[in-house]
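Content type PDB, C-alpha atoms and all ligand atoms, from the file run_33.pdb:
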ATOM      1  CA  MET A  17      19.794 -13.273  15.283
ATOM      2  CA  SER A  18      21.583 -14.860  12.328
ATOM      3  CA  ASN A  19      24.960 -14.576  10.647
ATOM      4  CA  THR A  20      25.677 -12.641   7.453
ATOM      5  CA  LYS A  21      28.073 -13.804   4.716
ATOM      6  CA  ASN A  22      31.028 -12.178   6.460
ATOM      7  CA  GLY A  23      30.100 -13.700   9.809
ATOM      8  CA  ALA A  24      28.718 -10.552  11.429
ATOM      9  CA  ALA A  25      25.642 -10.967  13.617
ATOM     10  CA  SER A  26      22.473  -9.538  12.075
ATOM     11  CA  LYS A  27      18.856  -9.020  13.108
ATOM     12  CA  THR A  28      16.944 -10.892  10.410
ATOM     13  CA  THR A  29      13.325 -10.600  11.493
ATOM     14  CA  GLN A  30      11.417 -11.320   8.295
ATOM     15  CA  ILE A  31      11.966 -11.955   4.614
ATOM     16  CA  LEU A  32      10.359  -9.969   1.837
ATOM     17  CA  PRO A  33       7.486 -11.654  -0.052
ATOM     18  CA  ALA A  34       8.607 -13.597  -3.123
ATOM     19  CA  THR A  35       6.443 -11.479  -5.437
ATOM     20  CA  MET A  36       7.498  -8.175  -7.020
ATOM     21  CA  PRO A  37       6.604  -5.145  -4.910
ATOM     22  CA  THR A  38       4.068  -2.756  -6.395
ATOM     23  CA  THR A  39       6.259   0.185  -5.389
ATOM     24  CA  ARG A  40       9.621   0.742  -3.749
ATOM     25  CA  VAL A  41      10.801   4.057  -2.308
ATOM     26  CA  LEU A  42      13.492   5.350   0.025
ATOM     27  CA  ALA A  43      12.346   7.190   3.175
ATOM     28  CA  MET A  44      14.068  10.582   3.132
ATOM     29  CA  PRO A  45      14.741  13.268   5.781
ATOM     30  CA  ALA A  46      12.066  15.498   4.207
ATOM     31  CA  ASP A  47       9.465  12.829   5.112
ATOM     32  CA  THR A  48       9.968  13.000   8.892
ATOM     33  CA  ASN A  49       7.694  14.160  11.703
ATOM     34  CA  ALA A  50       8.769  16.477  14.522
ATOM     35  CA  ALA A  51      10.317  13.537  16.410
ATOM     36  CA  GLY A  52      12.545  12.595  13.478
ATOM     37  CA  ASP A  53      10.766   9.363  12.488
ATOM     38  CA  ILE A  54       8.927   9.033   9.184
ATOM     39  CA  PHE A  55       5.576  10.858   9.163
ATOM     40  CA  GLY A  56       2.535   8.567   9.183
ATOM     41  CA  GLY A  57       0.860  10.674   6.509
ATOM     42  CA  TRP A  58       3.769   9.999   4.156
ATOM     43  CA  ILE A  59       3.338   6.256   4.698
ATOM     44  CA  MET A  60      -0.424   6.583   4.076
ATOM     45  CA  SER A  61       0.340   8.369   0.835
ATOM     46  CA  GLN A  62       2.695   5.571  -0.278
ATOM     47  CA  VAL A  63       0.027   2.997   0.555
ATOM     48  CA  ASP A  64      -2.624   4.899  -1.402
ATOM     49  CA  ILE A  65      -0.299   5.124  -4.417
ATOM     50  CA  ALA A  66       0.480   1.382  -4.357
ATOM     51  CA  ALA A  67      -3.164   0.415  -3.838
ATOM     52  CA  SER A  68      -4.272   2.717  -6.657
ATOM     53  CA  ILE A  69      -1.813   1.040  -9.042
ATOM     54  CA  ALA A  70      -3.324  -2.370  -8.241
ATOM     55  CA  ALA A  71      -6.883  -1.024  -8.549
ATOM     56  CA  HIS A  72      -6.165   0.784 -11.818
ATOM     57  CA  ARG A  73      -4.503  -2.311 -13.301
ATOM     58  CA  TYR A  74      -7.469  -4.428 -12.320
ATOM     59  CA  ALA A  75     -10.108  -1.978 -13.544
ATOM     60  CA  GLY A  76      -8.294  -1.023 -16.720
ATOM     61  CA  THR A  77      -9.627   2.472 -16.159
ATOM     62  CA  ARG A  78      -9.286   5.288 -13.665
ATOM     63  CA  ALA A  79     -10.103   4.204 -10.101
ATOM     64  CA  VAL A  80     -10.471   6.620  -7.197
ATOM     65  CA  THR A  81     -10.076   5.968  -3.488
ATOM     66  CA  VAL A  82     -13.485   5.911  -1.829
ATOM     67  CA  ALA A  83     -12.505   4.539   1.596
ATOM     68  CA  VAL A  84      -9.600   3.570   3.807
ATOM     69  CA  ASN A  85     -11.164   0.603   5.592
ATOM     70  CA  SER A  86      -8.306  -0.207   7.932
ATOM     71  CA  PHE A  87      -4.811   1.037   8.525
ATOM     72  CA  GLN A  88      -2.342  -0.318  11.046
ATOM     73  CA  PHE A  89       1.088   1.138  11.759
ATOM     74  CA  ARG A  90       2.840  -1.900  13.264
ATOM     75  CA  LYS A  91       6.404  -0.555  13.499
ATOM     76  CA  PRO A  92       8.053   2.836  12.948
ATOM     77  CA  VAL A  93       9.800   3.758   9.708
ATOM     78  CA  TYR A  94      13.156   5.544   9.813
ATOM     79  CA  VAL A  95      15.109   7.786   7.472
ATOM     80  CA  GLY A  96      17.068   5.586   5.064
ATOM     81  CA  ASP A  97      14.647   2.653   5.208
ATOM     82  CA  LEU A  98      13.852   1.134   1.822
ATOM     83  CA  ILE A  99      10.062   0.824   1.733
ATOM     84  CA  SER A 100       8.360  -1.858  -0.366
ATOM     85  CA  CYS A 101       4.575  -1.834  -0.797
ATOM     86  CA  TYR A 102       2.822  -5.029  -1.895
ATOM     87  CA  ALA A 103      -0.730  -4.370  -3.077
ATOM     88  CA  SER A 104      -3.201  -7.067  -4.112
ATOM     89  CA  VAL A 105      -6.858  -7.014  -5.067
ATOM     90  CA  LYS A 106      -8.844  -8.909  -2.440
ATOM     91  CA  LYS A 107     -12.478  -8.217  -3.264
ATOM     92  CA  VAL A 108     -14.413  -6.886  -6.235
ATOM     93  CA  GLY A 109     -17.969  -5.602  -6.219
ATOM     94  CA  ASN A 110     -19.999  -4.114  -9.049
ATOM     95  CA  THR A 111     -17.883  -0.955  -9.367
ATOM     96  CA  SER A 112     -15.641  -1.243  -6.303
ATOM     97  CA  ILE A 113     -12.229  -2.876  -5.866
ATOM     98  CA  THR A 114     -10.849  -3.579  -2.406
ATOM     99  CA  VAL A 115      -7.076  -3.752  -2.125
ATOM    100  CA  PHE A 116      -4.880  -5.106   0.678
ATOM    101  CA  VAL A 117      -1.460  -3.497   1.109
ATOM    102  CA  GLU A 118       1.480  -4.753   3.138
ATOM    103  CA  VAL A 119       4.463  -2.473   3.674
ATOM    104  CA  TYR A 120       7.955  -3.708   4.535
ATOM    105  CA  ALA A 121      10.992  -1.680   5.565
ATOM    106  CA  GLU A 122      14.551  -2.798   4.892
ATOM    107  CA  ARG A 123      16.561  -1.016   7.534
ATOM    108  CA  ASP A 124      19.817  -1.219   5.579
ATOM    109  CA  ARG A 125      18.523  -1.745   2.002
ATOM    110  CA  GLN A 126      20.229  -5.183   1.872
ATOM    111  CA  GLN A 127      17.396  -7.340   3.291
ATOM    112  CA  VAL A 128      19.444  -7.992   6.458
ATOM    113  CA  GLU A 129      16.783  -6.492   8.698
ATOM    114  CA  VAL A 130      13.317  -6.602   7.152
ATOM    115  CA  VAL A 131      10.314  -5.442   9.162
ATOM    116  CA  LYS A 132       6.632  -5.410   8.242
ATOM    117  CA  VAL A 133       5.695  -1.872   9.218
ATOM    118  CA  THR A 134       2.143  -1.360   7.957
ATOM    119  CA  GLU A 135      -0.977  -3.175   6.771
ATOM    120  CA  ALA A 136      -3.975  -1.477   5.213
ATOM    121  CA  THR A 137      -7.144  -2.144   3.264
ATOM    122  CA  LEU A 138      -8.535   0.455   0.872
ATOM    123  CA  THR A 139     -11.531   0.526  -1.454
ATOM    124  CA  PHE A 140     -11.501   2.121  -4.901
ATOM    125  CA  VAL A 141     -14.277   2.814  -7.367
ATOM    126  CA  ALA A 142     -13.739   2.486 -11.115
ATOM    127  CA  ILE A 143     -14.999   5.598 -12.866
ATOM    128  CA  ASP A 144     -15.762   6.600 -16.425
ATOM    129  CA  GLU A 145     -14.743   9.802 -18.212
ATOM    130  CA  ASN A 146     -17.555  11.659 -16.432
ATOM    131  CA  GLY A 147     -16.393  10.569 -12.983
ATOM    132  CA  LYS A 148     -19.333   8.175 -12.605
ATOM    133  CA  PRO A 149     -18.907   4.657 -11.190
ATOM    134  CA  GLN A 150     -18.575   1.999 -13.865
ATOM    135  CA  ALA A 151     -18.790  -1.776 -13.583
ATOM    136  CA  VAL A 152     -15.661  -3.893 -13.356
ATOM    137  CA  ARG A 153     -15.209  -7.597 -14.154
ATOM    138  CA  ALA A 154     -15.753 -10.033 -11.321
ATOM    139  CA  LEU A 155     -12.781 -11.451  -9.432
ATOM    140  CA  ASP A 156     -11.573 -14.778 -10.924
TER     141      ASP A 156
HETATM  142  C1  LIG B   1     -16.054   7.319  -5.645
HETATM  143  C2  LIG B   1     -17.323   7.996  -6.145
HETATM  144  C3  LIG B   1     -17.213   8.212  -7.649
HETATM  145  C4  LIG B   1     -18.462   7.040  -5.856
HETATM  146  O1  LIG B   1     -19.648   7.630  -6.297
HETATM  147  P1  LIG B   1     -21.056   7.237  -5.623
HETATM  148  O2  LIG B   1     -22.132   7.821  -6.456
HETATM  149  O3  LIG B   1     -20.985   7.574  -4.187
HETATM  150  O4  LIG B   1     -21.078   5.674  -5.854
HETATM  151  P2  LIG B   1     -21.935   4.562  -5.151
HETATM  152  O5  LIG B   1     -22.659   4.991  -3.947
HETATM  153  O6  LIG B   1     -22.731   3.950  -6.285
HETATM  154  O7  LIG B   1     -20.811   3.507  -4.684
HETATM  155  C5  LIG B   1     -19.937   2.952  -5.625
HETATM  156  C6  LIG B   1     -19.256   1.756  -4.990
HETATM  157  O8  LIG B   1     -18.438   2.201  -3.920
HETATM  158  C7  LIG B   1     -18.760   1.482  -2.739
HETATM  159  N1  LIG B   1     -18.571   2.369  -1.600
HETATM  160  C8  LIG B   1     -19.058   3.614  -1.442
HETATM  161  N2  LIG B   1     -18.661   4.120  -0.254
HETATM  162  C9  LIG B   1     -17.909   3.152   0.340
HETATM  163  C10 LIG B   1     -17.225   3.052   1.579
HETATM  164  N3  LIG B   1     -17.225   4.052   2.479
HETATM  165  N4  LIG B   1     -16.537   1.929   1.854
HETATM  166  C11 LIG B   1     -16.514   0.896   0.986
HETATM  167  N5  LIG B   1     -17.146   0.927  -0.228
HETATM  168  C12 LIG B   1     -17.848   2.049  -0.528
HETATM  169  C13 LIG B   1     -20.236   1.077  -2.909
HETATM  170  O9  LIG B   1     -20.548  -0.011  -2.074
HETATM  171  C14 LIG B   1     -20.251   0.747  -4.384
HETATM  172  O10 LIG B   1     -19.656  -0.528  -4.556
HETATM  173  P3  LIG B   1     -20.227  -1.610  -5.642
HETATM  174  O11 LIG B   1     -20.576  -0.867  -6.912
HETATM  175  O12 LIG B   1     -19.104  -2.556  -5.882
HETATM  176  O13 LIG B   1     -21.423  -2.241  -5.025
HETATM  177  C15 LIG B   1     -17.582   9.362  -5.428
HETATM  178  O14 LIG B   1     -17.912   9.092  -4.080
HETATM  179  C16 LIG B   1     -16.363  10.229  -5.485
HETATM  180  O15 LIG B   1     -16.059  10.807  -6.522
HETATM  181  N6  LIG B   1     -15.622  10.357  -4.356
HETATM  182  C17 LIG B   1     -14.383  11.120  -4.335
HETATM  183  C18 LIG B   1     -13.209  10.252  -4.733
HETATM  184  C19 LIG B   1     -11.915  10.976  -4.491
HETATM  185  O16 LIG B   1     -11.789  12.141  -4.773
HETATM  186  N7  LIG B   1     -10.902  10.231  -3.958
HETATM  187  C20 LIG B   1      -9.645  10.808  -3.594
HETATM  188  C21 LIG B   1      -8.718  10.981  -4.727
HETATM  189  S1  LIG B   1      -8.451   9.548  -5.713
END
Using structure tokens, write down the structure that the file contains.
Ligand SMILES: CC(C)(COP(=O)(O)OP(=O)(O)OC[C@H]1O[C@@H](n2cnc3c(N)ncnc32)[C@H](O)[C@@H]1OP(=O)(O)O)[C@@H](O)C(=O)NCCC(=O)NCCS
Amino acid sequence: MSNTKNGAASKTTQILPATMPTTRVLAMPADTNAAGDIFGGWIMSQVDIAASIAAHRYAGTRAVTVAVNSFQFRKPVYVGDLISCYASVKKVGNTSITVFVEVYAERDRQQVEVVKVTEATLTFVAIDENGKPQAVRALD
């Protein structure tokens, strides 16, 4: 527990990474499962979008998801949470780009309660205009 500016007790659990998030989106009621929490498939979709942005930027060309190597839902996501996805290229092969994604939820959108909710690793393949794998530059 810590104190906010106005002295109220808060549940600061984590701070957001210092870097810019790849994506930020608000979890909405339409994204819930039958129990009322945010649907895991919606979170997977957000992760795939963020990872694809990082892969596309790295490749400089279209990159398609070939595999979801790991995916861990660490904490639930609730309606109203502000979701930030941080995607970074971790490994590069001949045509493949492996991206690590961390997802944080701000429970009140003001960084008072920040929770890491998901971690995932996905692999993309850079493709040419015919949909065929094409080589990418090696990781620095
Ligand atoms: C991605 C795709 C073009 C790859 O074509 P392919 O002929 O199978 O390519 P290859 O077997 O040569 O593999 C290409 C690279 O992907 C890697 N790869 C393939 N399957 C993989 C897997 N399951 N996990 C990790 N990497 C994998 C290979 O190791 C290779 O990496 P490298 O070039 O860095 O050594 C093809 O599988 C495809 O079009 N898949 C559908 C993609 C899609 O629709 N995604 C969802 C929407 S974006």
Care to translate the PyMOL selection byres (((chain A and resi 70) around 9) and not hetatm) into actual residues of this file, as a ChimeraX atom specification? /A:38,65-69,71-75,103-105,115
Pull out every residue that the PyMOL selection byres (((chain A and resi 43) around 10) and not hetatm) matches in the shown coordinates and put them as a PDB file with C-alpha atoms, keeping the file's coordinate frame.
ATOM      1  CA  ARG A  40       9.621   0.742  -3.749  1.00  0.00           C
ATOM      2  CA  VAL A  41      10.801   4.057  -2.308  1.00  0.00           C
ATOM      3  CA  LEU A  42      13.492   5.350   0.025  1.00  0.00           C
ATOM      4  CA  MET A  44      14.068  10.582   3.132  1.00  0.00           C
ATOM      5  CA  PRO A  45      14.741  13.268   5.781  1.00  0.00           C
ATOM      6  CA  ALA A  46      12.066  15.498   4.207  1.00  0.00           C
ATOM      7  CA  ASP A  47       9.465  12.829   5.112  1.00  0.00           C
ATOM      8  CA  THR A  48       9.968  13.000   8.892  1.00  0.00           C
ATOM      9  CA  ASP A  53      10.766   9.363  12.488  1.00  0.00           C
ATOM     10  CA  ILE A  54       8.927   9.033   9.184  1.00  0.00           C
ATOM     11  CA  PHE A  55       5.576  10.858   9.163  1.00  0.00           C
ATOM     12  CA  TRP A  58       3.769   9.999   4.156  1.00  0.00           C
ATOM     13  CA  ILE A  59       3.338   6.256   4.698  1.00  0.00           C
ATOM     14  CA  VAL A  93       9.800   3.758   9.708  1.00  0.00           C
ATOM     15  CA  TYR A  94      13.156   5.544   9.813  1.00  0.00           C
ATOM     16  CA  VAL A  95      15.109   7.786   7.472  1.00  0.00           C
ATOM     17  CA  GLY A  96      17.068   5.586   5.064  1.00  0.00           C
ATOM     18  CA  ASP A  97      14.647   2.653   5.208  1.00  0.00           C
ATOM     19  CA  LEU A  98      13.852   1.134   1.822  1.00  0.00           C
ATOM     20  CA  ILE A  99      10.062   0.824   1.733  1.00  0.00           C
ATOM     21  CA  ALA A 121      10.992  -1.680   5.565  1.00  0.00           C
TER      22      ALA A 121
END
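Across A:Ala154, A:Ala51, A:Val141, A:Ile31, the tightest approach to ligand LIG 1 (chain B) is made by A:Val141 when counting all atoms listed in the file.
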Separation of CA of Glu118 (chain A) from CA of Arg153 (chain A), in Å and rounded to one decimal: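 Taking CA of Glu118 (chain A) as the start and CA of Arg153 (chain A) as the end point, the length is 24.2 Å.
Using all atoms listed in the file, the residues found no farther than 9 Å from Pro37 (chain A), other than those of its own chain fewer than 2 positions away, are Pro33, Ala34, Thr35, Thr39, Arg40, Ala66, Ser100, Cys101, Tyr102 and Ala103 of chain A.
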From CA of Thr139 (chain A) to CA of Ile113 (chain A) the spacing works out at 5.6 Å
Residue neighbourhood Ala151 (chain A), 9 Å, only C-alpha atoms, exclusion window fewer than 2 positions, as a CSV table (one decimal) with C-alpha atoms, keeping the file's coordinate frame:
chain,number,residue,atom,x,y,z
A,75,ALA,CA,-10.1,-2.0,-13.5
A,109,GLY,CA,-18.0,-5.6,-6.2
A,110,ASN,CA,-20.0,-4.1,-9.0
A,111,THR,CA,-17.9,-1.0,-9.4
A,112,SER,CA,-15.6,-1.2,-6.3
A,141,VAL,CA,-14.3,2.8,-7.4
A,142,ALA,CA,-13.7,2.5,-11.1
A,143,ILE,CA,-15.0,5.6,-12.9
A,149,PRO,CA,-18.9,4.7,-11.2
A,153,ARG,CA,-15.2,-7.6,-14.2
So how far away is CA of Phe87 (chain A) from CA of Asp124 (chain A), in Å?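 About the pair CA of Asp124 (chain A) and CA of Phe87 (chain A): they are 24.9 Å apart.
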For ligand LIG 1 (chain B), which residue out of A:Lys132, A:Lys148, A:Lys106, A:Lys91 is the nearest one, using all atoms listed in the file?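 Using all atoms listed in the file, the shortest distance to ligand LIG 1 (chain B) belongs to A:Lys148.
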Among A:Ser86, A:Gln62, A:Thr114, A:Thr77, Phe140 (chain A) is approached most closely, using all atoms listed in the file, by A:Thr114
Residue nearest ligand LIG 1 (chain B) - candidates A:Val63, A:Val82, A:Ala50, A:Leu138, atoms counted: only C-alpha atoms and all ligand atoms: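 Nearest to ligand LIG 1 (chain B): A:Val82.
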Report the centre and edge lengths, in Å to one decimal, of an axis-aligned box enclosing every atom of region 44-51 of chain A listed in the file, padded by 5 Å on each side, as lines of an AutoDock Vina configuration file.
center_x = 11.2
center_y = 13.5
center_z = 9.8
size_x = 17.0
size_y = 15.9
size_z = 23.3
Which one of A:Val133, A:Leu32, A:Met60, A:Val108 sits closest to ligand LIG 1 (chain B) if you count all atoms listed in the file?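 Distance minimum relative to ligand LIG 1 (chain B) lands on A:Val108.
Taking only C-alpha atoms and all ligand atoms into account, ligand LIG 1 (chain B) lies nearest to A:Thr137 out of the set A:Gln30, A:Gln126, A:Thr137, A:Gln88.
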